[in-house]
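Novice: So here's coords-v3.txt, just compact mmCIF, C-alpha atoms:
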```
# COMPACT_ATOMS: atom_id res chain seq x y z
CA MET F 1 -27.82 -3.32 18.32
CA LYS F 2 -25.37 -4.79 20.80
CA PRO F 3 -21.69 -3.87 20.58
CA LEU F 4 -19.51 -6.10 18.42
CA PRO F 5 -16.46 -7.73 19.97
CA THR F 6 -13.15 -5.96 19.44
CA THR F 7 -10.95 -8.84 20.58
CA PRO F 8 -10.67 -12.48 19.55
CA SER F 9 -13.39 -14.62 21.04
CA ALA F 10 -12.77 -17.31 23.59
CA THR F 11 -13.20 -19.94 20.93
CA ASP F 12 -10.19 -18.67 18.99
CA SER F 13 -7.47 -21.29 19.15
CA SER F 14 -4.81 -18.97 17.79
CA ALA F 15 -2.54 -17.08 20.14
CA PRO F 16 -2.73 -13.28 20.14
CA LEU F 17 -0.03 -11.41 18.27
CA LYS F 18 2.64 -9.59 20.25
CA LYS F 19 2.14 -5.84 20.78
CA ALA F 20 5.50 -4.40 19.77
CA LEU F 21 4.83 -1.32 17.59
CA THR F 22 5.13 2.18 19.01
CA THR F 23 3.73 5.30 17.32
CA SER F 24 7.10 6.16 15.78
CA LEU F 25 7.64 2.63 14.45
CA LEU F 26 4.15 2.60 12.97
CA TYR F 27 4.76 6.03 11.42
CA PHE F 28 7.88 4.74 9.68
CA PHE F 29 6.04 1.54 8.69
CA ILE F 30 3.37 3.55 6.87
CA LEU F 31 5.80 6.12 5.46
CA GLY F 32 8.11 3.39 4.19
CA ASP F 33 5.25 1.61 2.45
CA VAL F 34 3.88 4.78 0.85
CA LEU F 35 7.31 6.03 -0.22
CA GLY F 36 7.90 2.91 -2.29
CA ALA F 37 9.47 2.21 -5.63
CA GLY F 38 6.56 3.78 -7.53
CA VAL F 39 7.61 7.38 -7.07
CA TYR F 40 10.93 6.70 -8.79
CA VAL F 41 9.20 5.79 -12.06
CA LEU F 42 5.78 7.49 -11.95
CA VAL F 43 6.74 11.15 -12.21
CA GLY F 44 7.26 10.96 -15.97
CA GLN F 45 3.96 9.15 -16.55
CA VAL F 46 2.09 11.68 -14.41
CA ALA F 47 3.64 14.49 -16.46
CA ALA F 48 2.49 12.77 -19.65
CA GLU F 49 -1.09 12.81 -18.36
CA SER F 50 -1.25 16.21 -16.70
CA GLY F 51 1.50 18.40 -18.17
CA GLY F 52 4.54 19.97 -16.53
CA ALA F 53 2.79 20.90 -13.26
CA VAL F 54 3.36 17.45 -11.76
CA TRP F 55 2.79 18.72 -8.23
CA ALA F 56 -0.94 19.37 -8.88
CA PRO F 57 -2.11 15.78 -9.53
CA LEU F 58 0.12 14.61 -6.68
CA LEU F 59 -1.68 16.91 -4.24
CA VAL F 60 -5.09 15.91 -5.65
CA ALA F 61 -4.19 12.25 -5.16
CA LEU F 62 -3.12 13.00 -1.57
CA CYS F 63 -6.49 14.59 -0.80
CA LEU F 64 -8.35 11.59 -2.26
CA ALA F 65 -6.17 9.15 -0.32
CA LEU F 66 -6.79 11.05 2.94
CA LEU F 67 -10.55 10.49 2.56
CA THR F 68 -10.21 6.71 2.64
CA ALA F 69 -7.42 6.95 5.23
CA ALA F 70 -9.84 8.71 7.60
CA SER F 71 -12.28 5.81 7.22
CA TYR F 72 -9.49 3.37 7.98
CA ALA F 73 -8.50 5.41 11.05
CA GLU F 74 -12.00 5.15 12.52
CA LEU F 75 -12.35 1.45 11.78
CA VAL F 76 -8.89 0.55 13.06
CA THR F 77 -9.35 2.40 16.34
CA LYS F 78 -12.81 0.88 16.75
CA TYR F 79 -11.84 -2.70 15.81
CA PRO F 80 -8.03 -3.00 16.35
CA ARG F 81 -7.27 -6.48 15.06
CA ALA F 82 -5.55 -8.13 12.10
CA GLY F 83 -7.70 -8.72 9.04
CA GLY F 84 -8.22 -5.13 7.98
CA ALA F 85 -10.69 -4.49 5.17
CA SER F 86 -11.78 -8.13 5.20
CA HIS F 87 -12.72 -7.93 8.87
CA TYR F 88 -14.61 -4.65 8.46
CA ALA F 89 -16.56 -5.85 5.42
CA THR F 90 -17.43 -9.07 7.27
CA LEU F 91 -18.80 -7.10 10.22
CA ALA F 92 -20.78 -4.79 7.94
CA TYR F 93 -21.98 -7.11 5.16
CA GLY F 94 -21.24 -10.70 6.12
CA PRO F 95 -18.69 -13.31 5.05
CA PHE F 96 -19.22 -13.03 1.27
CA LEU F 97 -18.11 -9.40 0.85
CA GLY F 98 -15.68 -9.87 3.71
CA PHE F 99 -13.96 -12.61 1.78
CA LEU F 100 -14.07 -10.59 -1.46
CA ALA F 101 -12.40 -7.60 0.19
CA GLY F 102 -9.72 -9.80 1.69
CA PHE F 103 -9.24 -11.69 -1.55
CA CYS F 104 -8.67 -8.45 -3.48
CA MET F 105 -6.13 -7.26 -0.92
CA LEU F 106 -4.45 -10.64 -0.81
CA ALA F 107 -4.25 -10.97 -4.61
CA ALA F 108 -2.84 -7.47 -4.92
CA GLY F 109 -0.32 -8.07 -2.15
CA VAL F 110 0.95 -11.43 -3.38
CA VAL F 111 1.35 -10.16 -6.94
CA SER F 112 3.00 -6.97 -5.73
CA VAL F 113 5.63 -8.92 -3.80
CA ALA F 114 6.25 -11.15 -6.82
CA ALA F 115 6.63 -8.17 -9.14
CA LEU F 116 8.96 -6.38 -6.72
CA ALA F 117 11.05 -9.54 -6.34
CA ARG F 118 11.53 -9.74 -10.10
CA GLY F 119 12.23 -6.02 -10.20
CA PHE F 120 14.94 -6.44 -7.59
CA GLY F 121 16.74 -8.90 -9.84
CA GLY F 122 16.46 -6.69 -12.93
CA ASP F 123 18.23 -3.63 -14.29
CA TYR F 124 18.92 -1.92 -10.97
CA LEU F 125 20.85 -4.90 -9.63
CA SER F 126 22.68 -5.36 -12.94
CA GLU F 127 24.34 -1.99 -12.34
CA PHE F 128 26.44 -3.83 -9.77
CA ILE F 129 26.32 -7.57 -10.55
CA THR F 130 24.68 -9.87 -13.09
CA LEU F 131 22.95 -12.97 -11.69
CA PRO F 132 20.09 -15.18 -12.92
CA VAL F 133 16.79 -13.50 -12.07
CA ALA F 134 15.32 -16.78 -10.81
CA LEU F 135 18.18 -17.24 -8.32
CA VAL F 136 17.95 -13.65 -7.10
CA THR F 137 14.17 -13.98 -6.72
CA MET F 138 14.40 -17.15 -4.63
CA VAL F 139 17.09 -15.77 -2.32
CA PHE F 140 15.33 -12.42 -2.06
CA LEU F 141 11.93 -13.85 -1.10
CA THR F 142 13.44 -16.37 1.32
CA ALA F 143 15.35 -13.62 3.11
CA LEU F 144 12.24 -11.45 3.37
CA ALA F 145 10.18 -14.38 4.72
CA LEU F 146 12.78 -15.13 7.40
CA LEU F 147 12.90 -11.49 8.47
CA ASN F 148 9.09 -11.38 8.54
CA ALA F 149 8.92 -14.55 10.64
CA ARG F 150 11.59 -13.35 13.05
CA GLY F 151 9.26 -10.64 14.33
CA ILE F 152 7.36 -7.47 13.60
CA ARG F 153 9.82 -5.44 15.69
CA GLU F 154 12.82 -6.59 13.66
CA SER F 155 10.98 -6.11 10.38
CA THR F 156 9.89 -2.59 11.21
CA ARG F 157 13.32 -1.64 12.50
CA ALA F 158 14.78 -2.69 9.16
CA ASN F 159 12.03 -0.62 7.57
CA VAL F 160 13.12 2.46 9.55
CA VAL F 161 16.62 2.25 8.06
CA ALA F 162 15.29 1.61 4.56
CA THR F 163 12.76 4.44 4.83
CA ILE F 164 15.49 6.89 5.83
CA ILE F 165 17.47 5.84 2.73
CA GLU F 166 14.41 6.18 0.47
CA VAL F 167 13.52 9.59 1.86
CA GLY F 168 17.16 10.61 1.59
CA GLY F 169 17.12 9.81 -2.12
CA LEU F 170 13.99 11.88 -2.65
CA LEU F 171 15.41 14.77 -0.61
CA LEU F 172 18.50 14.57 -2.78
CA VAL F 173 16.32 15.06 -5.86
CA ILE F 174 14.61 18.04 -4.19
CA GLY F 175 17.99 19.56 -3.31
CA LEU F 176 19.35 19.03 -6.81
CA GLY F 177 16.26 20.67 -8.27
CA ALA F 178 16.81 23.70 -6.03
CA TRP F 179 20.47 23.82 -7.07
CA ILE F 180 19.50 23.80 -10.75
CA VAL F 181 17.14 26.74 -10.16
CA LEU F 182 19.74 28.70 -8.16
CA ARG F 183 22.34 28.38 -10.88
CA GLY F 184 19.82 29.63 -13.44
CA ASP F 185 19.27 26.44 -15.47
CA GLY F 186 15.70 25.66 -14.38
CA ASP F 187 12.40 26.73 -15.92
CA ALA F 188 9.84 27.70 -13.26
CA GLY F 189 7.25 28.36 -15.98
CA ARG F 190 6.57 24.62 -16.25
CA LEU F 191 5.10 24.68 -12.72
CA THR F 192 1.89 26.23 -14.10
CA ASP F 193 1.75 24.11 -17.26
CA LEU F 194 -1.51 22.16 -16.84
CA GLY F 195 -3.20 20.21 -19.63
CA THR F 196 -2.03 18.36 -22.73
CA SER F 197 -2.86 18.41 -26.42
CA ARG F 198 -5.54 15.78 -25.72
CA GLU F 199 -7.06 17.01 -22.45
CA GLY F 200 -7.91 20.31 -20.77
CA PRO F 201 -6.49 21.25 -17.36
CA VAL F 202 -9.20 19.63 -15.19
CA ARG F 203 -9.35 16.28 -17.00
CA ALA F 204 -5.56 16.25 -17.33
CA VAL F 205 -5.06 16.73 -13.59
CA LEU F 206 -7.62 13.99 -12.85
CA GLY F 207 -5.89 11.63 -15.28
CA GLY F 208 -2.56 12.35 -13.62
CA ALA F 209 -4.14 11.89 -10.18
CA VAL F 210 -5.14 8.31 -11.09
CA LEU F 211 -1.47 7.45 -11.65
CA ALA F 212 -0.33 9.54 -8.69
CA TYR F 213 -2.87 7.75 -6.48
CA TYR F 214 -0.82 4.60 -6.87
CA SER F 215 2.04 6.40 -5.12
CA PHE F 216 -0.07 6.81 -1.98
CA VAL F 217 -1.51 3.30 -1.70
CA GLY F 218 0.32 1.29 0.87
CA PHE F 219 -1.13 3.00 3.92
CA GLU F 220 -3.82 0.29 4.00
CA THR F 221 -1.19 -2.35 4.80
CA SER F 222 -0.75 -0.84 8.25
CA VAL F 223 -4.30 -1.89 9.17
CA ASN F 224 -3.11 -5.47 9.39
CA VAL F 225 -0.54 -4.71 12.09
CA ALA F 226 -2.96 -2.72 14.29
CA GLU F 227 -3.25 -5.69 16.63
CA GLU F 228 0.51 -5.55 17.12
CA THR F 229 0.45 -1.81 17.95
CA ARG F 230 0.57 -0.48 21.49
CA ASP F 231 -2.51 1.65 22.20
CA PRO F 232 -3.74 1.74 18.56
CA ARG F 233 -6.60 4.12 19.39
CA ARG F 234 -4.05 6.82 20.14
CA SER F 235 -1.13 5.80 17.95
CA TYR F 236 -2.77 4.82 14.67
CA PRO F 237 -4.42 8.13 13.60
CA ARG F 238 -1.27 10.08 14.46
CA ALA F 239 1.00 7.73 12.56
CA LEU F 240 -1.37 7.39 9.57
CA PHE F 241 -2.08 11.06 8.91
CA GLY F 242 1.45 12.10 9.79
CA ALA F 243 2.95 9.62 7.33
CA LEU F 244 0.54 10.50 4.50
CA ILE F 245 1.06 14.24 4.89
CA THR F 246 4.83 13.74 5.05
CA ALA F 247 4.72 11.64 1.89
CA GLY F 248 2.48 14.18 0.15
CA ALA F 249 4.87 17.03 0.96
CA VAL F 250 7.87 15.04 -0.28
CA TYR F 251 6.06 14.00 -3.46
CA ALA F 252 4.95 17.56 -4.23
CA LEU F 253 8.48 18.89 -3.81
CA VAL F 254 9.86 16.05 -5.96
CA GLY F 255 7.30 17.00 -8.62
CA VAL F 256 8.40 20.63 -8.45
CA ALA F 257 12.08 19.66 -8.71
CA ALA F 258 11.47 17.38 -11.69
CA ALA F 259 9.32 19.98 -13.46
CA VAL F 260 11.78 22.86 -13.16
CA ALA F 261 14.89 20.75 -13.85
CA VAL F 262 13.84 18.64 -16.84
CA PRO F 263 11.78 19.57 -19.93
CA THR F 264 8.37 17.89 -19.83
CA GLU F 265 8.95 16.01 -23.08
CA LYS F 266 12.20 14.51 -21.79
CA LEU F 267 10.58 13.68 -18.46
CA THR F 268 7.72 11.79 -20.10
CA GLU F 269 10.03 9.77 -22.35
CA SER F 270 12.28 8.55 -19.53
CA SER F 271 11.73 5.29 -17.65
CA GLY F 272 13.85 6.70 -14.82
CA PRO F 273 12.63 10.30 -14.61
CA LEU F 274 14.37 11.14 -11.35
CA LEU F 275 17.66 10.04 -12.85
CA GLU F 276 17.14 12.81 -15.40
CA VAL F 277 17.18 15.30 -12.54
CA VAL F 278 20.43 13.78 -11.26
CA ARG F 279 21.97 13.97 -14.73
CA ALA F 280 20.80 17.56 -15.23
CA ALA F 281 22.37 18.62 -11.93
CA GLY F 282 25.61 16.68 -12.35
CA GLY F 283 28.04 15.70 -9.62
CA VAL F 284 26.09 12.71 -8.29
CA PRO F 285 26.84 9.18 -9.61
CA THR F 286 23.84 7.47 -11.23
CA GLU F 287 24.87 4.24 -9.44
CA LEU F 288 23.83 5.91 -6.21
CA PHE F 289 20.27 6.11 -7.43
CA SER F 290 20.31 2.48 -8.49
CA ALA F 291 21.29 1.53 -4.94
CA ILE F 292 18.52 3.68 -3.49
CA ALA F 293 16.01 2.11 -5.88
CA LEU F 294 17.04 -1.38 -4.75
CA VAL F 295 16.45 -0.39 -1.13
CA ALA F 296 13.05 1.03 -2.07
CA VAL F 297 12.05 -2.16 -3.88
CA ALA F 298 13.22 -4.41 -1.03
CA ASN F 299 11.49 -2.29 1.58
CA GLY F 300 8.23 -2.26 -0.39
CA ALA F 301 8.35 -6.04 -0.77
CA LEU F 302 9.03 -6.53 2.95
CA LEU F 303 6.14 -4.35 4.07
CA THR F 304 3.74 -5.83 1.51
CA GLY F 305 4.80 -9.29 2.63
CA ILE F 306 4.00 -8.36 6.23
CA MET F 307 0.59 -7.11 5.13
CA SER F 308 -0.19 -10.22 3.10
CA SER F 309 0.74 -12.61 5.89
CA ARG F 310 -1.21 -10.68 8.56
CA LEU F 311 -4.21 -10.40 6.26
CA THR F 312 -4.10 -14.15 5.63
CA TYR F 313 -3.86 -14.76 9.38
CA GLY F 314 -6.82 -12.47 10.07
CA MET F 315 -9.01 -13.99 7.35
CA ALA F 316 -8.26 -17.49 8.61
CA ARG F 317 -9.14 -16.46 12.15
CA ASP F 318 -12.47 -15.13 10.83
CA GLY F 319 -13.09 -18.54 9.24
CA LEU F 320 -12.65 -17.29 5.66
CA LEU F 321 -9.48 -19.31 4.99
CA PRO F 322 -8.22 -22.67 6.34
CA ARG F 323 -7.62 -22.71 10.08
CA PHE F 324 -4.06 -23.93 9.55
CA LEU F 325 -3.12 -20.39 8.53
CA THR F 326 -3.67 -19.10 12.09
CA LYS F 327 -0.66 -21.02 13.45
CA VAL F 328 2.02 -18.83 15.04
CA LEU F 329 5.58 -19.48 16.19
CA PRO F 330 5.49 -20.30 19.95
CA GLY F 331 8.32 -17.96 20.92
CA ARG F 332 8.11 -15.22 18.30
CA ARG F 333 4.30 -15.32 18.03
CA THR F 334 4.48 -14.44 14.34
CA PRO F 335 2.09 -16.11 11.83
CA TRP F 336 4.56 -18.54 10.28
CA ALA F 337 1.99 -20.55 8.32
CA ALA F 338 0.57 -17.44 6.67
CA ILE F 339 4.08 -16.15 5.91
CA ALA F 340 5.14 -19.46 4.32
CA THR F 341 1.97 -19.70 2.22
CA THR F 342 1.99 -16.13 0.87
CA THR F 343 5.71 -16.27 0.17
CA SER F 344 5.32 -19.54 -1.74
CA LEU F 345 2.57 -18.04 -3.90
CA SER F 346 4.68 -14.95 -4.60
CA LEU F 347 7.65 -17.14 -5.49
CA LEU F 348 5.53 -19.22 -7.87
CA LEU F 349 4.27 -16.10 -9.66
CA ALA F 350 7.71 -14.52 -9.76
CA LEU F 351 9.41 -17.62 -11.19
CA THR F 352 6.81 -18.06 -13.92
CA GLY F 353 7.02 -14.39 -14.77
CA ASP F 354 3.31 -14.28 -15.59
CA VAL F 355 2.54 -11.42 -13.21
CA SER F 356 2.07 -8.45 -15.54
CA THR F 357 -1.60 -9.16 -16.30
CA LEU F 358 -2.63 -9.39 -12.65
CA ALA F 359 -0.30 -6.54 -11.63
CA SER F 360 -2.09 -4.21 -14.06
CA THR F 361 -5.31 -4.76 -12.08
CA LEU F 362 -3.70 -3.71 -8.77
CA VAL F 363 -5.19 -0.22 -8.64
CA LEU F 364 -8.63 -1.49 -9.63
CA LEU F 365 -8.57 -4.19 -6.96
CA LEU F 366 -7.61 -1.66 -4.31
CA LEU F 367 -10.36 0.72 -5.40
CA VAL F 368 -12.85 -2.11 -4.86
CA VAL F 369 -11.40 -2.63 -1.38
CA PHE F 370 -11.46 1.08 -0.56
CA PHE F 371 -15.08 1.38 -1.72
CA LEU F 372 -16.06 -1.48 0.60
CA VAL F 373 -14.11 0.09 3.48
CA ASN F 374 -15.81 3.48 3.12
CA THR F 375 -19.28 1.98 2.85
CA SER F 376 -18.58 -0.47 5.69
CA LEU F 377 -17.82 2.45 7.95
CA LEU F 378 -21.21 3.95 7.20
CA ALA F 379 -22.93 0.61 7.88
CA LEU F 380 -21.06 0.09 11.17
CA ARG F 381 -21.89 3.53 12.55
CA ARG F 382 -24.85 1.84 14.31
CA ASP F 383 -22.49 -0.22 16.47
CA THR F 384 -21.11 1.14 19.72
CA ALA F 385 -17.56 0.64 20.93
CA SER F 386 -16.45 -0.09 24.48
CA GLN F 387 -13.79 2.64 24.33
CA ASP F 388 -13.34 6.02 22.69
CA HIS F 389 -12.05 5.94 19.12
CA PHE F 390 -11.27 8.28 16.23
CA ARG F 391 -14.42 9.42 14.43
CA ALA F 392 -14.48 10.89 10.91
CA PRO F 393 -17.26 13.27 9.78
CA THR F 394 -19.99 11.33 7.95
CA LEU F 395 -19.29 13.23 4.74
CA VAL F 396 -15.75 11.83 4.63
CA PRO F 397 -16.58 8.14 3.95
CA VAL F 398 -19.27 9.26 1.48
CA LEU F 399 -16.72 11.31 -0.45
CA GLY F 400 -14.20 8.49 -0.09
CA ALA F 401 -16.56 6.00 -1.73
CA LEU F 402 -17.40 8.47 -4.51
CA SER F 403 -13.70 9.12 -5.13
CA CYS F 404 -13.18 5.38 -5.69
CA VAL F 405 -15.96 5.36 -8.29
CA LEU F 406 -14.51 8.47 -9.94
CA LEU F 407 -11.01 7.02 -10.19
CA ALA F 408 -12.38 3.69 -11.45
CA THR F 409 -14.01 5.49 -14.39
CA ARG F 410 -10.53 6.58 -15.49
CA ILE F 411 -9.25 2.99 -15.74
CA GLY F 412 -9.09 1.42 -19.21
CA HIS F 413 -11.45 -1.26 -20.49
CA GLU F 414 -8.66 -3.84 -20.85
CA VAL F 415 -7.77 -3.55 -17.16
CA TRP F 416 -11.45 -3.77 -16.25
CA LEU F 417 -11.77 -7.07 -18.13
CA ARG F 418 -8.79 -8.53 -16.30
CA GLY F 419 -10.00 -7.13 -12.99
CA LEU F 420 -13.46 -8.60 -13.45
CA LEU F 421 -11.89 -12.01 -14.01
CA VAL F 422 -10.03 -11.77 -10.69
CA LEU F 423 -13.20 -10.54 -8.98
CA ALA F 424 -15.14 -13.47 -10.43
CA VAL F 425 -12.67 -15.92 -8.90
CA GLY F 426 -12.91 -14.11 -5.58
CA ALA F 427 -16.71 -14.12 -5.76
CA GLY F 428 -16.79 -17.88 -6.37
CA LEU F 429 -14.52 -18.53 -3.39
CA GLY F 430 -16.55 -16.04 -1.38
CA VAL F 431 -19.73 -18.03 -1.94
CA ILE F 432 -17.97 -21.13 -0.58
CA ALA F 433 -16.71 -19.16 2.45
CA ALA F 434 -20.20 -17.78 3.10
CA VAL F 435 -21.78 -21.24 2.95
CA ARG F 436 -19.19 -22.64 5.34
CA SER F 437 -19.73 -19.73 7.70
CA ARG F 438 -23.50 -20.35 7.82
CA ARG F 439 -23.01 -24.06 8.48
CA SER F 440 -20.59 -23.39 11.33
CA SER F 441 -22.79 -20.73 12.96
```
Produce structure tokens that represent the structure in this file.
Specialist:
Amino acid sequence: MKPLPTTPSATDSSAPLKKALTTSLLYFFILGDVLGAGVYVLVGQVAAESGGAVWAPLLVALCLALLTAASYAELVTKYPRAGGASHYATLAYGPFLGFLAGFCMLAAGVVSVAALARGFGGDYLSEFITLPVALVTMVFLTALALLNARGIRESTRANVVATIIEVGGLLLVIGLGAWIVLRGDGDAGRLTDLGTSREGPVRAVLGGAVLAYYSFVGFETSVNVAEETRDPRRSYPRALFGALITAGAVYALVGVAAAVAVPTEKLTESSGPLLEVVRAAGGVPTELFSAIALVAVANGALLTGIMSSRLTYGMARDGLLPRFLTKVLPGRRTPWAAIATTTSLSLLLALTGDVSTLASTLVLLLLVVFFLVNTSLLALRRDTASQDHFRAPTLVPVLGALSCVLLATRIGHEVWLRGLLVLAVGAGLGVIAAVRSRRSS
């Protein structure tokens, strides 16, 4: 089989995106997206599923995420262009599954930005000022869109600052947990407390890992800026694995700090579990954590917005969405049409407030995407590349696909029903995209 092209064809009317990302900027891009707002609220829910040893399901989730990350690393270094999972599924299976993969990513991304925008205007902001949520949402999304359109370099530099703040907040929790132990107020016995009254240790850890897995998703957004990365074959694997391992280490230590500092029952009942650590330690104003949470939410929305716009651009360039969405700003060479469209959809969802149903299907949609990515890698192993690229052992994508199936079995029936509805819409649009692709070929 002849090699597949790794660059846009001569018939592409869209201009190439500017290569502006270095390894360090990409590392912070991925780390900032993984270390999002989720970790500030998920620790208590993970403890409710797994018991006091919160670190265990966090490490299990890291190992599962690394399987799919390895598949992404091979595909990105083999086909470094915007479009991500949609592009890989198109190469492996054709336009129908390519569109479905992109649709799932796009739906998850648009809804995620909308939910984060509403979250920004909620309780955390009210610690400082009270404004109408609709007004905050409009200003917030407009500002993010303008920053996104200004350029990938500016967006990722803002992400570096925000990521440092986010990590600083988590390191503060780790330090406070250590201080609580040193002064004799902690309980290290909770670090080995696995299992609940409903589940044994193994099933409890797996149940907690499903929730913890959400804390690690976000690395897949970096696929859509590979085309804007300098030397992605060298930079991407280093940045990806480095960021995931860094996030895993931070999460595990946060889990240890929360477990030793706060009784499990109190941790599971709190909607702000890390604030309980701050309160238990004393000496740190709770307003500080509200400010850090706002930065985390804004940074997550910015990076997800970048992903959504680049994914839209890539799908349009592959002929899966209207060609209009490939238009870029002449000077900045950023995909302004895709940015405007995805931001408008996020704003519409955020203003109506009807995002909770679709948001609850986020993990399921991403598991569908990850399954397609892992199996696409296996299908594309027959293709040769013009340059050297990262190569994962064959067992890795197999285990990655199986891990997606395993995690999907732990998702409730209600979420499955909602997810199947979204998938049905994507399948219908995918049929149309496939028919158009055949007619144009």
Novice: Please provide as a list of chain:residue names all residues within 7 Å of Val205 in chain F, with the sequence filter that same-chain residues fewer than 4 positions apart are discarded (counting only C-alpha atoms).
Specialist: F:Ser50, F:Ala56, F:Pro57, F:Pro201, F:Ala209
Novice: Using CA of Ser112 in chain F and CA of Gly305 in chain F as the two end points, give the distance in Å to one decimal.
Specialist: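 Result for CA of Ser112 in chain F versus CA of Gly305 in chain F: 8.9 Å, one decimal.
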Novice: One decimal, Å: what's the distance from CA of Ser126 in chain F over to CA of Met138 in chain F, could you say?
Specialist: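 About the pair CA of Ser126 in chain F and CA of Met138 in chain F: they are 16.6 Å apart.
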Novice: Would you mind telling me which residue in F:Ala145, F:Leu417, F:Leu325, F:Leu240 lies nearest to Leu25 in chain F when using only C-alpha atoms?
Specialist: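 Nearest candidate to Leu25 in chain F out of F:Ala145, F:Leu417, F:Leu325, F:Leu240: F:Leu240.
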Novice: Any idea what the distance is between CA of Val210 in chain F and CA of Gly52 in chain F?
Specialist: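 Straight-line distance from CA of Val210 in chain F to CA of Gly52 in chain F works out to 16.1 Å.
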Novice: Using only C-alpha atoms, which of F:Ala69, F:Leu362, F:Ala316, F:Ala281 sits nearest Leu182 in chain F?
Specialist: F:Ala281
Novice: May I have the residues within 12 Å of Gly283 in chain F as a list in words, using all atoms listed in the file and disregarding those fewer than 5 positions away in the same chain?
Specialist: Leu172, Leu176, Trp179, Ile180, Val277, Val278 and Leu288 of chain F
Novice: For a cut-off of 6 Å around (-6.7, 1.5, 3.5), file coordinates, pick out all residues using only C-alpha atoms and list them as a VMD selection string.
Specialist: chain F and resid 69 72 219 to 220
Novice: Excluding Tyr88 in chain F and its own-chain neighbours fewer than 6 positions away, which residues fall within 10 Å of it when counting all atoms listed in the file? Please give them as a list in words.
Specialist: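 With the cut-off at 10 Å, the set is Tyr72, Leu75, Val76, Tyr79, Gly94, Leu97, Gly98, Ala101, Gly102, Leu372, Val373, Asn374, Thr375, Ser376, Leu377, Ala379 and Leu380 of chain F.
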Novice: Given 3 Å of margin on each side, can you work out the centre and size in Å (one decimal) of an axis-aligned box holding every listed atom of range 63-82 of chain F, as AutoDock Vina command-line options?
Specialist:
```
--center_x -9.2 --center_y 3.2 --center_z 7.2 --size_x 13.3 --size_y 28.7 --size_z 25.0
```
Novice: From the set F:Leu191, F:Ala243, F:Cys404, F:Val173, which residue has the shortest atom-to-atom contact distance to Gly218 in chain F, counting only C-alpha atoms?
Specialist: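 Nearest candidate to Gly218 in chain F out of F:Leu191, F:Ala243, F:Cys404, F:Val173: F:Ala243.
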Novice: So that I can check the surroundings of Leu135 in chain F, please list as a list of chain:residue names every protein, DNA and RNA residue that reaches within 12 Å of it, counting all atoms listed in the file and ignoring chain neighbours fewer than 3 positions away.
Specialist: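 Contacts, with the query itself left out: F:Ala117, F:Arg118, F:Phe120, F:Gly121, F:Gly122, F:Thr130, F:Leu131, F:Pro132, F:Met138, F:Val139, F:Phe140, F:Leu141, F:Thr142, F:Leu347, F:Ala350, F:Leu351.
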Novice: If we draw a sphere of 9 Å around (-1.4, 14.1, -5.0), which residues have at least one atom in it when counting all atoms listed in the file? Please report them as a list in words.
Specialist: Val54, Trp55, Ala56, Pro57, Leu58, Leu59, Val60, Ala61, Leu62, Cys63, Leu64, Ala65, Gly208, Ala209, Ala212, Tyr213, Ser215, Phe216, Gly248, Tyr251 and Ala252 of chain F
Novice: With distances taken over only C-alpha atoms, which of F:Ala434, F:Val260, F:Leu366, F:Leu106 is nearest to Gly419 in chain F?
Specialist: F:Leu366
